[in-house]
There are 2 protein chains.
Amino acid sequence: MKIHYPAGVKAPTNSREITSKTKRRIRPKIAVGNRGMAFEAAINATNDYYLEKGIAVIHKKPTPIHIVKVDYQKGAKITEAYFQEPSTTDYNGIYRGKYIDFEAKSTHSSTSFPLANIAPQQVKHLRAVLKLGAVAFFLIDIVKQDEVYLVPATYVCDFCEEKPRGSIPLDEIRSHGYRVEEKYNPRLDYLPILDAHFFL
Amino acid sequence: MKIHYPAGVKAPTNSREITSKTKRRIRPKIAVGNRGMAFEAAINATNDYYLEKGIAVIHKKPTPIHIVKVDYQKGAKITEAYFQEPSTTDYNGIYRGKYIDFEAKSTHSSTSFPLANIAPQQVKHLRAVLKLGAVAFFLIDIVKQDEVYLVPATYVCDFCEEKPRGSIPLDEIRSHGYRVEEKYNPRLDYLPILDAHFFL
């Protein structure tokens, strides 16, 4: 996903590290290595927009961290901790009274989306929430072609379980998914797709 | 909240520290200092039960942590990080197709529940999800009297905003909330209260 700025708006040249504290405030400069982060920033900015307008409340869950050591003499400074495998998806919340659940993924391949990107426990989680009536999907960023698709979770879960091959061809993503057009604000306006295809 | 074991089931005598890794597996020995943790463990065990039975998918969100330094030479060991103030509530998920959102709090006072326990951004968050049709509430553990109540978020938010006083008298909690009886399994069976009072 590239970031498109409207006429007259200059892309920021700030190249300092984007931390969780700053990423909501500055629009990151895109380098090959942090496109996944730019995609996440675009989703977060979109969710911030929805929250501000009272349209939806959807948040990214914090990364689960296993804390080993905390130094309480230095104002609760964590000195040893490790990243944990998430057991659910990254995003959830509420829209039009319904529970919303999704996972965002980028692929750098120009032909397919590798299933290795999706953890088995995420498929299990999505099946469980779908069974209870959730609106669940993937947002897939095809980096090289600069396209973002909203793909129903049922399709992706079926593919992961039946595994006709180790990756989903991008043409299948395109035909089973719905293109999310990029705009200035909200950046990735995915809720109208839910209105049209999930709230029937 | 004390833990009641059924006849013939001995409380574990294991007194080692309960970490996020072990707390789902062992039933903690209750000491004054970790009753809040025991309450959290009871809620997590209840949610695990609901998940296993396919009744509801409700998870505690990981604590947000601001990561400053990561040592990638030691397998992504986080060497400097700090706890962040959560901007939402601790628990959310789905039950009967609806978005569920709640916060769990313990009070050690025998007369009232201090409003200082609730962050203003949590009230703001609860108002936002309520407006969109969420089922939102507090689970309040009155430690000294060994009672747990499910209190509608609207009541608590009203009290926080109107602030007739700095704490909610426990009698008000009792009259506006619904008692959650403790059982062996699920430990704090709060969903029947939602069936009776929130899904009308």
# chains A, B, ... in the order shown; residues from 1 in each chain; ligands from 1
>>> residues_around(residues="range 110-118 of chain A", least_positions_apart="3", cutoff="9 Å", atoms="only C-alpha atoms", output="MDAnalysis selection string")
chainID A and resid 105:107 121:123 140 142:145 159:160 163 165:173
>>> select_by_dssp(residues="range 58-198 of chain A", states="helix (DSSP H, G or I)", output="JSON, numbers by chain")
{"A": [72, 73, 74, 115, 116, 117, 120, 121, 122, 123, 124, 125, 126, 127, 128, 129, 130, 131, 153, 154, 155, 156, 157, 158, 159, 160, 161, 162, 170, 171, 172, 173, 174, 175, 176, 191, 192, 193, 194, 195, 196, 197]}
>>> write_last_selection(atoms="N, CA and C atoms", output="short mmCIF file (atom, residue, chain, number, x, y, z; two decimals), in the first residue's frame")
data_model
loop_
_atom_site.label_atom_id
_atom_site.label_comp_id
_atom_site.auth_asym_id
_atom_site.auth_seq_id
_atom_site.Cartn_x
_atom_site.Cartn_y
_atom_site.Cartn_z
N TYR A 72 10.68 -2.10 39.78
CA TYR A 72 9.74 -1.15 40.37
C TYR A 72 10.44 0.06 40.98
N GLN A 73 11.76 -0.03 41.12
CA GLN A 73 12.50 1.12 41.65
C GLN A 73 12.64 2.21 40.60
N LYS A 74 12.44 1.83 39.35
CA LYS A 74 12.56 2.82 38.27
C LYS A 74 11.19 3.11 37.66
N LEU A 115 -0.41 -18.98 2.84
CA LEU A 115 -1.20 -19.33 4.04
C LEU A 115 -0.36 -19.29 5.31
N ALA A 116 0.96 -19.37 5.16
CA ALA A 116 1.86 -19.30 6.31
C ALA A 116 1.68 -17.99 7.08
N ASN A 117 1.07 -17.00 6.42
CA ASN A 117 0.78 -15.72 7.06
C ASN A 117 -0.28 -15.82 8.16
N PRO A 120 -2.83 -21.04 12.74
CA PRO A 120 -3.98 -21.94 12.91
C PRO A 120 -4.96 -21.47 13.99
N GLN A 121 -4.42 -20.89 15.08
CA GLN A 121 -5.33 -20.45 16.16
C GLN A 121 -6.17 -19.25 15.73
N GLN A 122 -5.72 -18.52 14.70
CA GLN A 122 -6.52 -17.41 14.19
C GLN A 122 -7.71 -17.94 13.40
N VAL A 123 -7.48 -19.01 12.63
CA VAL A 123 -8.58 -19.64 11.89
C VAL A 123 -9.60 -20.19 12.89
N LYS A 124 -9.11 -20.83 13.95
CA LYS A 124 -9.98 -21.39 14.98
C LYS A 124 -10.82 -20.27 15.63
N HIS A 125 -10.14 -19.17 15.94
CA HIS A 125 -10.82 -18.02 16.55
C HIS A 125 -11.90 -17.48 15.62
N LEU A 126 -11.56 -17.31 14.33
CA LEU A 126 -12.53 -16.76 13.38
C LEU A 126 -13.74 -17.68 13.21
N ARG A 127 -13.50 -18.99 13.16
CA ARG A 127 -14.62 -19.95 13.08
C ARG A 127 -15.54 -19.79 14.28
N ALA A 128 -14.95 -19.63 15.47
CA ALA A 128 -15.74 -19.51 16.70
C ALA A 128 -16.61 -18.26 16.70
N VAL A 129 -16.04 -17.13 16.26
CA VAL A 129 -16.85 -15.90 16.28
C VAL A 129 -17.88 -15.90 15.15
N LEU A 130 -17.53 -16.50 13.99
CA LEU A 130 -18.48 -16.58 12.89
C LEU A 130 -19.71 -17.38 13.31
N LYS A 131 -19.48 -18.45 14.05
CA LYS A 131 -20.56 -19.31 14.52
C LYS A 131 -21.53 -18.54 15.42
N ALA A 153 -14.00 -13.80 5.98
CA ALA A 153 -13.23 -14.78 6.76
C ALA A 153 -13.63 -16.21 6.39
N THR A 154 -14.89 -16.42 6.07
CA THR A 154 -15.33 -17.79 5.72
C THR A 154 -14.53 -18.33 4.53
N TYR A 155 -14.33 -17.48 3.52
CA TYR A 155 -13.57 -17.92 2.35
C TYR A 155 -12.13 -18.28 2.74
N VAL A 156 -11.49 -17.41 3.51
CA VAL A 156 -10.08 -17.64 3.89
C VAL A 156 -9.97 -18.87 4.80
N CYS A 157 -10.90 -19.00 5.76
CA CYS A 157 -10.87 -20.16 6.66
C CYS A 157 -11.08 -21.47 5.89
N ASP A 158 -12.02 -21.46 4.94
CA ASP A 158 -12.24 -22.66 4.10
C ASP A 158 -10.94 -23.03 3.38
N PHE A 159 -10.30 -22.04 2.81
CA PHE A 159 -9.06 -22.27 2.06
C PHE A 159 -7.97 -22.83 2.98
N CYS A 160 -7.86 -22.25 4.19
CA CYS A 160 -6.84 -22.70 5.15
C CYS A 160 -7.07 -24.14 5.58
N GLU A 161 -8.35 -24.53 5.70
CA GLU A 161 -8.66 -25.87 6.18
C GLU A 161 -8.61 -26.92 5.07
N GLU A 162 -9.12 -26.55 3.89
CA GLU A 162 -9.14 -27.51 2.78
C GLU A 162 -7.76 -27.56 2.12
N LEU A 170 -3.63 -14.56 -6.06
CA LEU A 170 -4.18 -13.20 -5.91
C LEU A 170 -5.47 -13.01 -6.70
N ASP A 171 -5.60 -13.73 -7.82
CA ASP A 171 -6.84 -13.61 -8.60
C ASP A 171 -8.04 -14.12 -7.81
N GLU A 172 -7.80 -15.11 -6.97
CA GLU A 172 -8.88 -15.63 -6.11
C GLU A 172 -9.23 -14.60 -5.03
N ILE A 173 -8.19 -13.94 -4.50
CA ILE A 173 -8.41 -12.87 -3.53
C ILE A 173 -9.28 -11.78 -4.17
N ARG A 174 -8.93 -11.45 -5.42
CA ARG A 174 -9.67 -10.39 -6.12
C ARG A 174 -11.11 -10.80 -6.41
N SER A 175 -11.32 -12.08 -6.77
CA SER A 175 -12.69 -12.45 -7.13
C SER A 175 -13.57 -12.75 -5.91
N HIS A 176 -12.97 -13.17 -4.81
CA HIS A 176 -13.77 -13.43 -3.59
C HIS A 176 -13.80 -12.23 -2.65
N LEU A 191 -15.99 0.21 5.85
CA LEU A 191 -17.34 -0.06 6.37
C LEU A 191 -18.44 -0.09 5.29
N PRO A 192 -18.38 0.78 4.23
CA PRO A 192 -19.42 0.68 3.18
C PRO A 192 -19.46 -0.71 2.53
N ILE A 193 -18.33 -1.41 2.51
CA ILE A 193 -18.31 -2.77 1.95
C ILE A 193 -19.12 -3.71 2.86
N LEU A 194 -18.99 -3.51 4.18
CA LEU A 194 -19.78 -4.32 5.11
C LEU A 194 -21.26 -4.03 4.92
N ASP A 195 -21.60 -2.74 4.76
CA ASP A 195 -23.01 -2.36 4.54
C ASP A 195 -23.58 -3.10 3.33
N ALA A 196 -22.79 -3.14 2.26
CA ALA A 196 -23.28 -3.69 1.00
C ALA A 196 -23.30 -5.21 0.97
N HIS A 197 -22.39 -5.86 1.67
CA HIS A 197 -22.26 -7.30 1.50
C HIS A 197 -22.43 -8.15 2.76
#
>>> select_by_dssp(residues="range 15-180 of chain B", states="strand (DSSP E)", output="PyMOL selection string")
chain B and resi 56-60+65-71+77-83+91-95+98-107+112-114+135-142+147-152+167-169+178-179
>>> interface_residues(of="chain B", to="chain A", cutoff="6 Å", atoms="only C-alpha atoms", output="PyMOL selection string")
chain B and resi 62+64+77-82+96-99+132-133
>>> atom_distance(atom1="CA of Asp71 in chain B", atom2="CA of Ala42 in chain A")
27.5 Å
